[in-house]
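**Student:** Before I ask anything, here is the structure I am working with.
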Amino acid sequence: MADNTNSANQTQKKQFYKKKHREQMKHQVITFAMMIAFTMLAFGLVMAEVDAMFTVPIILVLAAVQVLFQLYYFMHMAEEGHEWPAAMIYSGVFAAVLTILALTIIVWW
Amino acid sequence: MAEDVLKSGNLPENPERATLEGRNKFMGFWFFLGGEVVLFASLFGTYLALRNSTVDGPTGQEIFGLGLVFLMTVILLTSSLTSVYAMYHMKNNDFKKMQLWLGITVLLGFAFLGLEIYEFVHYVNDYGFGFSTSAFSTAFYTLVGFHGAHVAFGLLWIISLMIRNRKRGLNLYNAPKFYIASLYWHFIDVVWVFIFTVVYLMGKVG
Amino acid sequence: MSTTAENKAGFGSVLWDYLTTVDHKKIAILYLIGGLFFFILGGLQAMLIRIQLIAPDNEFISAQFYNEVLTMHGTTMIFLAAMPLIFALMNAVLPLQIGARDVAFPFINSLGFWLFFFGGIFLNVSWFAGGAPDVGWTAYAPLSLFSESHGVDYYAIGLQIAGFGTLMGGINFIVTVVNMRAPGMTYMRMPLFTWTSFIASVLILFAFPALTVGLFLLTFDRLFGGNFFDPEMGGNVIIWEHLFWIFGHPEVYILILPAFGVFSEIIPTFSKKRLFGYSSMVFATILIAFLGFMVWAHHMFTVGLGPIANSIFAVATMAIAVPTGIKIFNWLFTMWGGNIRLTSPMVIALGFVPTFTIGGMTGVMLASAAADFQYHDTYFVVAHFHYVIVGGTVLGIFAGIIYWWPKMFGTMLNEKLNHWFFWLFFIGFHLTFFFQHFLGLMGMPRRYWKFLPDQGLDLFNLISTIGAFGMAIGTIIFLVNVVMTQMKGEKVSGDPWDARTLEWAIPSPPPFYNFKQEPLVRGLDALWVEKMQGNGKIQPAEPLGDIHMPNRTFVPFVISLGLFIAGFGVMYQGAMWILAGIGFATTFGAMLYRSLKDDIGYHVHKEELEEEGDGSNG
Amino acid sequence: MKGWMTRFKAVMALTVMALILSGCGEPFLSTLQPRGEGAAMLLELIILSTVIMLFVFVVVMAIYIYVIIKFRQKKGQEDFIPKQTEGSHALETLWTVIPIILLLILAVPTVQYTFAFADVNTPEVSEEGEELDQIWIDVTGKQYWWHFEYEGLDVTTSQEIYIPTDRRVYLSMISDDVIHSFWVPSIQGKMDVNPTGNRNEMWLQADEEGVYWGKCAELCGPSHSLMDFKVIAVSPGEFEEWVEDMQGVTGEEEPETATAQAGQEIYEENCLSCHAVGSSPNKVGPNLTNFADRDKLAGVFDMTEENLFEWIDTKGEEMKPGNLMVDAPYDLNEEEINQVIEYLMTLSPSDVTPESADNGVYIDSDLSDLFPEEEEDADEESEEDDEVDEDEETDEETDENDEE
Ligand code: HEA
Ligand code: HEA
Ligand code: CUA
Ligand SMILES: [Cu+2]
């Protein structure tokens with residue numbers, strides 16, 4: 001399992017990775033900024049007492065997008081080696097959606 | 001191989017997945033998070049079913065203070081970013097900086113938890129909104145409390161990792177541990193995004 | 001448990017060995033013993049039920065006690081007998097089938113067992129602490145809130161502990177399959193038992209959290225003043241039903257899929273043919289799991305969800321008959337043109353096919369939402385689910401135990417006694433449950449402590465009770481067989497059945513590191529491929545080298561024990577809170593110890609391995 | 001909705017099946033001997049699905065038996081290695097498609113019937129084409145007995161409901177404690193009785209006069225198996241008579257004999273807190289207005305003096321474990337109990353009793369006399385709807401009050 005490449009190669013690789021990581025980090029900071037913006041937008045809509053019919057779907061979509069940001073950028077779900085994690089998360093989401101639908105729609109009052 | 005996993009330095013690009021044990025941890029933890037999705041979905045579903053069952057107790061609309069929640073949200077989101085920084089330094093094999101950013105993450109986590117406790121105390125004392133007040137209150141405290149418990153557990157976990165490894169730096173044995181702890185921390189954030197949207201914002205809208 | 005070397009070692013050291021083991025093969029034996037113990041317990045409870053119902057207006061046991069026995073029978077059988085026995089087979093076989101030296105998380109594997117074990121014990125302590133739960137295994141609220149004894153608290157906390165164990169076991173197997181397959185073992189070369197266990201584990205991962213939450217809500221309501229299910233305080237009892245069945249229906253497929261897997265191994269082996277339609281079998285398994293999540297409300301047709309929801313769930317439920325039918329026909333056509341040997345596992349498989357088909361067909365009848373207004377909560381349902389559970393899961397478990405017994409213990413159960421066991425159990429089974437269909441249609445609801453005379457229900461109930469005795473005698477013969485075989489201790493070869501899959505390529509029982517060299521898999525039915533195309537031996541994928549093994553550990557036992565102790569504190573509260581303190585401190589202390597102490601395992605060195613000689617078959 | 005089954009009825013197999021099945025069980029209890037429209041429809045569905053299943057089973061078993069006989073290992077063939085067939089697309093398609101077709105055949109009537117059973121809003125139409133009044137009964141399930149209030153008729157009863165034959169009676173059901181399930185196998189399928197705001201609604205219809213057994217079908221405590229009730233179907237005219245007789249009872253009627261009068265006094269002192277005679281809202285114990293006419297005591301025991309004595313003496317403790325009368329604080333001696341029994345035995349306001357269900361007398365009526373204010377038909381419909389709505393509103397109000 002251990003890396004068998006020689007050390008010169010190693011340093012070169014390291015440099016390359018470092019650069020790559022810095023790139024990634026930039027993306028992540030942008031992501032973060034957008035998440036904060038979304039949050040402010042959502043709170044803003046509610047505090048401004050915009051009509052509920054309009055607000056609720058929007059804030060739900062904003063939340064969903066934020067979560068995708070977290071999953072794909074912060075948790076790297078887009079990178080290779082994440083096929084199974086993605087499959088399992090989406091299976092979980094499938095079960096989750098059914099559960100929530102059931103408990104909101106076919107529960108009487 | 002066994003003993004070299006404890007040697008620090010000279011780590012491959014993805015140290016968390018460089019060993020079989022690391023890959024197992026990584027996969028297993030992601031799958032666990034898949035299960036957690038259903039766990040929280042069940043709690044959200046229950047909450048949604050009961051959110052209007054306030055009986056005599058106060059409604060969400062009456063008690064939720066958005067300012068505090070906004071502050072909590074920003075703190076938690078920021079802590080997510082700081083843990084990304086920690087992982088960034090982990091991948092660059094810079095243990096000191098990783099510890100530093102993890103430290104900041106922990107501090108933010110405590111701030112969040114403190115505010116949450118303050119919030120609960122405030123509801124109980126000022127609004128008489130206790131766990132047994134109504135079905136709504138029970139559902140509220142259970143959902144938000146489960147999240148809070150996750151935060152608390154995450155804090156203990158990260159702290160113990162930091163203390164345990166403070167002297168020996170990063171290696172192939174502890175890198176996966178740090179990595180999944182940070183995944184956990186992000187997941188907590190994911191849940192919170194839905195909590196502030198579904199519980200607080202939608203509660204306020206009515 | 002049985003090898004001569006261990007017999008010579010003292011009892012204490014054997015015990016310590018099992019308390020601290022992380023070897024999946026030993027954990028399998030632990031699950032087997034635990035599961036069989038609870039199966040006998042649940043079976044004895046079933047006998048009490050049947051004796052009470054032998055005649056109308058019988059007063060053999062009291063109404064309250066009947067409800068306790070009934071609840072514990074269902075709960076014990078499902079959670080403490082069937083699940084662990086399935087885990088026993090999975091642990092014993094799954095890593096071997098994919099050519100792995102170990103499971104992905106040996107530590108968590110052992111933790112899973114001990115949590116199950118302590119959860120099961122916790123649940124059964126209720127018998128001695130004021131009464132067992134008495135509200136049915138489904139524990140519908142608000143009856144579960146009305147119940148006065150601590151029984152339901154034992155139910156909620158006990159299942160919670162055992163449930164954590166199951167969840168961990170499930171994750172362990174998923175990762176094992178994803179990450180630990182030997183070179184060449186592609187997904188579409190995995191034996192079907194591995195496939196079904198894998199999919200069942202995925203179901204565990206997504207179904208158990210719903211139960212976890214349900215049990216938490218129940219605990220909060222009963223012990224901490226919560227209002228989830230209290231209509232007076234705005235609570236809603238239907239939430240429990242949904243959560244329970246969102247878990248409960250996938251659970252029944254968790255129970256049946258591995259059994260399907262077992263038969264998909266046995267039938268090809270004893271027909272000397274490869275499985276007919278392998279890829280459609282895999283596909284059907286996945287489809288069953290997927291659909292299994294969308295049908296839970298078929299348990300709630302009479303609850304009043306309205307005709308739209310009922311219709312949707314009825315049709316979705318019926319759809320499951322299609323992939324299951326694919327399986328039935330594939331098994332039949334595996335035998336078609338084969339060379340069928342009627343060994344006992346094969347005879348059990350042959351008993352399974354028609355029995356499960358009947359059970360599945362009554363399932364589809366139940367799925368007809370309107371007609372279910374007549375069937376629901378009657379003995380028709382009881383008959384349905386015993387046909388699928390006993391005729392499917394339990395037969396699958398016994399077939400699997402008999403089939404893999406040589407692999408697990410290196411000995412062979414007596415074939416004659418196996419046949420006796422099967423026929424008594426099988427005939428007893430049909431006597432017991434076939435007539436219950438009619439009892440249900442004739443107006444006998446389930447969970448009835450008594451039925452009244454002059455309602456035409458006497459005869460069938462009597463027959464049913466007689467049949468149950470047949471099952472009991474059959475089970476006793478099986479147990480006798482086990483004891484006799486182990487006393488004799490006659491060794492068998494690594495491949496006594498002339499089988500097809502990888503686990504049969506290594507000695508019985510396998511060495512603790514399973515494969516001396518990682519095997520190279522060259523096709524579906526890896527061993528069969530070598531038997532046909534090679535020299536009958538699996539090629540190694542690597543040169544002989546050191547083998548990395550995990551260290552034994554006592555920590556899982558301690559973690560579980562802590563929760564066990566804490567459970568009492570949470571339940572009795574007051575001065576007993578101190579127990580909760582001690583228990584949680586123990587658990588978290590042990591977890592902390594685990595995460596702080598490096599545990600990187602050890603190596604079996606190449607030289608030692610060479611001394612042991614040829615590790616391959618024979 | 002019967003239309004589509006009629007075609008099927010032609011099939012011989014069906015008739016044979018029906019014959020075999022109808023031999024099963026007692027006519028007052030068995031789903032296989034339907035005595036009402038609901039149970040008859042359900043039996044059709046049951047038979048249809050059974051036939052489909054038998055067909056499948058025969059196919060499976062045919063292959064199965066053939067395979068076992070034909071391909072069993074023969075002597076001297078131990079080493080024979082059969083061809084390792086991989087599969088067959090044609091076959092696999094076949095056994096995917098055929099089950100789908102069979103399931104569709106079952107699914108269509110399933111959905112139709114599911115909706116038919118849920119329909120409680122369309123009033124029935126008489127032969128003359130007039131809409132019939134809907135008789136609504138509020139059902140309350142309680143540990144371990146049933147309470148019935150006839151909406152708008154001011155009639156209350158427990159343990160037994162009387163219904164007219166040949167027309168639908170509508171039920172609106174709720175529970176006072178845990179979940180129960182209301183089931184009269186030979187007349188109609190079951191429906192849960194839930195404790196929350198949801199009132200489940202269903203209809204009952206009996207073709208023949210008779211005393212039909214009802215069962216509680218949801219585990220509700222120790223005496224779940226003893227929570228039986230009866231549906232007494234009498235001819236419409238007799239039903240009308242029964243309703244009128246019941247309406248007359250105020251509970252203050254003096255019995256004739258002195259012992260019974262003494263019994264009444266004891267009753268008023270000790271039992272009235274939980275029981276009632278005459279129309280009254282649902283109380284802790286069953287309504288006793290027509291107690292002496294009951295077919296069974298407490299739902300399951302023979303109506304004998306000994307049983308009644310034991311019931312009052314022991315408060316039913318052993319007879320119905322866990323029943324709530326054990327909380328009754330009274331302490332009566334033998335004589336007093338006998339006096340109470342004598343009084344209870346006078347509670348027979350009507351000549352219409354369970355026996356009327358099989359005395360062969362049939363009196364017709366359209367029951368319109370019971371609903372006088374709705375006789376003018378012009379805006380009858382809307383009025384009636386209004387009334388139902390109002391009722392629902394009051395229900396909701398009471399629920400809210402309960403919560404407070
Ligand atoms: C191992 C467990 C197991 C399995 C595999 C199943 C399988 C099925 N079950 Fe069962 N079920 C239970 C365990 C199981 N069940 C339990 C424990 C309960 C009761 C719980 C409680 O209340 O306590 C229950 C209750 C239950 C109900 C609720 C009844 C009620 O309470 O009113 C229903 C209703 O739809 C149902 C349906 C089905 C169906 C459609 C299948 C299908 O998966 C069956 C599919 C199989 C076949 C159909 C046979 C083979 C197929 C062919 C040969 C192809 C051709 C067939 C046709 C065209 C029909 N089950
Ligand atoms: C895995 C699941 C499983 C299994 C295997 C069984 C097995 C059996 N069940 Fe079970 N049953 C359930 C799951 C299961 N059941 C569930 C979930 C319920 C619903 C509970 C509820 O309503 O809440 C139920 C309910 C249920 C009822 C309905 C009770 C009621 O509604 O009132 C009945 C009645 O006949 C019954 C009977 C039996 C019988 C006779 C067996 C037999 O197959 C048992 C055979 C086994 C034995 C008889 C063991 C024999 C061994 C010995 C006697 C050895 C002793 C000797 C030595 C120690 C040396 N069961
Ligand atoms: Cu009421 Cu069972
Ligand atoms: Cu189901």
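Residues in the structure tokens are named by chain (A, B, ... in the order shown) and by number from 1 within that chain; ligands are numbered from 1 in the order shown.
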Name the residues, by chain letter and number, that sit within 7 Å of ligand 2 using only C-alpha atoms and all ligand atoms, and give them as a ChimeraX atom specification.
**Tutor:** /C:39-40,42-44,46-47,49-50,70-71,73-75,77-78,81-82,136-138,379,382,386,389-390,394,429,432,446-449,468-469,471-473,475-476,479
**Student:** Please give the complete set of residues from region 282-334 of chain D that DSSP, run on the backbone, assigns to strand (DSSP E or B), formatted as a list in words.
**Tutor:** Asn287, Lys296, Leu297, Phe301 and Asp302 of chain D
**Student:** For those residues, write C-alpha atoms to a file as a PDB file, in the first residue's frame.
**Tutor:**
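part20.pdb, written as the output of this step:
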```pdb
ATOM      1  CA  ASN D 287     -75.652   2.380  28.796  1.00  0.00           C
ATOM      2  CA  LYS D 296     -75.042 -11.404  26.132  1.00  0.00           C
ATOM      3  CA  LEU D 297     -73.855  -9.901  29.376  1.00  0.00           C
ATOM      4  CA  PHE D 301     -71.308 -14.057  28.883  1.00  0.00           C
ATOM      5  CA  ASP D 302     -74.639 -15.819  28.836  1.00  0.00           C
TER       6      ASP D 302
END
```
**Student:** Residues within 6 Å of ligand 1 should be enumerated using only C-alpha atoms and all ligand atoms and returned as number ranges by chain.
**Tutor:** C: 252-253, 255-256, 298-299, 317-318, 320-322, 324-325, 328, 357, 360-361, 363-364, 366-367, 372, 375-377, 381, 385, 388-389, 393; D: 53, 56, 99, 102-103
**Student:** Which residues, written as JSON, numbers by chain, have at least one atom at most 9 Å from Glu254 (chain D), with only C-alpha atoms counted and residues fewer than 4 positions away on the same chain left out?
**Tutor:** {"D": [260, 261, 264]}
**Student:** Ligand 4: which residues are within 8 Å, counting only C-alpha atoms and all ligand atoms? Reply as a list in words.
**Tutor:**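 Counting only C-alpha atoms and all ligand atoms, the residues within 8 Å of ligand 4 come out as Trp245, Gly248, His249, Pro250, Val252, Gly292, Val295, Trp296, Ala297, His298 and His299 of chain C.
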**Student:** Looking at D:Ile137, D:Ala233, D:Ala258, D:Ala217, which one is nearest to ligand 3, with distances taken over only C-alpha atoms and all ligand atoms?
**Tutor:**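 Distance minimum relative to ligand 3 lands on D:Ala217.
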**Student:** Select residues of chain C: the criterion is any atom within 10 Å of an atom of chain A, counting only C-alpha atoms; output as an NGL selection string.
**Tutor:** :C and (175 or 178 or 202-203 or 205-207 or 210 or 234 or 236-240 or 242-243 or 246 or 290 or 293-294 or 297 or 304-306 or 309)
**Student:** Within 9 Å of chain A, which residues belong to chain D? Use only C-alpha atoms and report them as a PyMOL selection string.
**Tutor:** chain D and resi 196-198
**Student:** With N, CA and C atoms kept, could you save the residues just selected as a JSON list (two decimals), in the first residue's frame?
**Tutor:**
```json
[["chain", "number", "residue", "atom", "x", "y", "z"],
["D", 196, "THR", "N", -57.47, 9.86, 18.38],
["D", 196, "THR", "CA", -57.23, 11.27, 18.10],
["D", 196, "THR", "C", -58.40, 11.87, 17.34],
["D", 197, "GLY", "N", -58.25, 13.09, 16.93],
["D", 197, "GLY", "CA", -59.34, 13.83, 16.30],
["D", 197, "GLY", "C", -59.98, 13.15, 15.11],
["D", 198, "ASN", "N", -59.31, 12.19, 14.54],
["D", 198, "ASN", "CA", -59.84, 11.54, 13.35],
["D", 198, "ASN", "C", -61.00, 10.61, 13.67]]
```
**Student:** Using only C-alpha atoms and all ligand atoms, find each protein or nucleic acid residue lying at most 10 Å from ligand 3; present the set as a PyMOL selection string.
**Tutor:** (chain C and resi 445-448) or (chain D and resi 141-146+175+177-182+192-193+215-228)
**Student:** List every residue of region 284-477 of chain C that DSSP, applied to the backbone of this structure, assigns to alpha helix (DSSP H), and report them as a ChimeraX atom specification.
**Tutor:** /C:284-292,307-319,321-335,344-367,369-375,379-388,395-409,415-441,458-477
**Student:** Taking only C-alpha atoms into account, which of B:Met162, B:Ile63, B:Met72, B:Val121 comes nearest chain C?
**Tutor:**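 Closest candidate: B:Met162.
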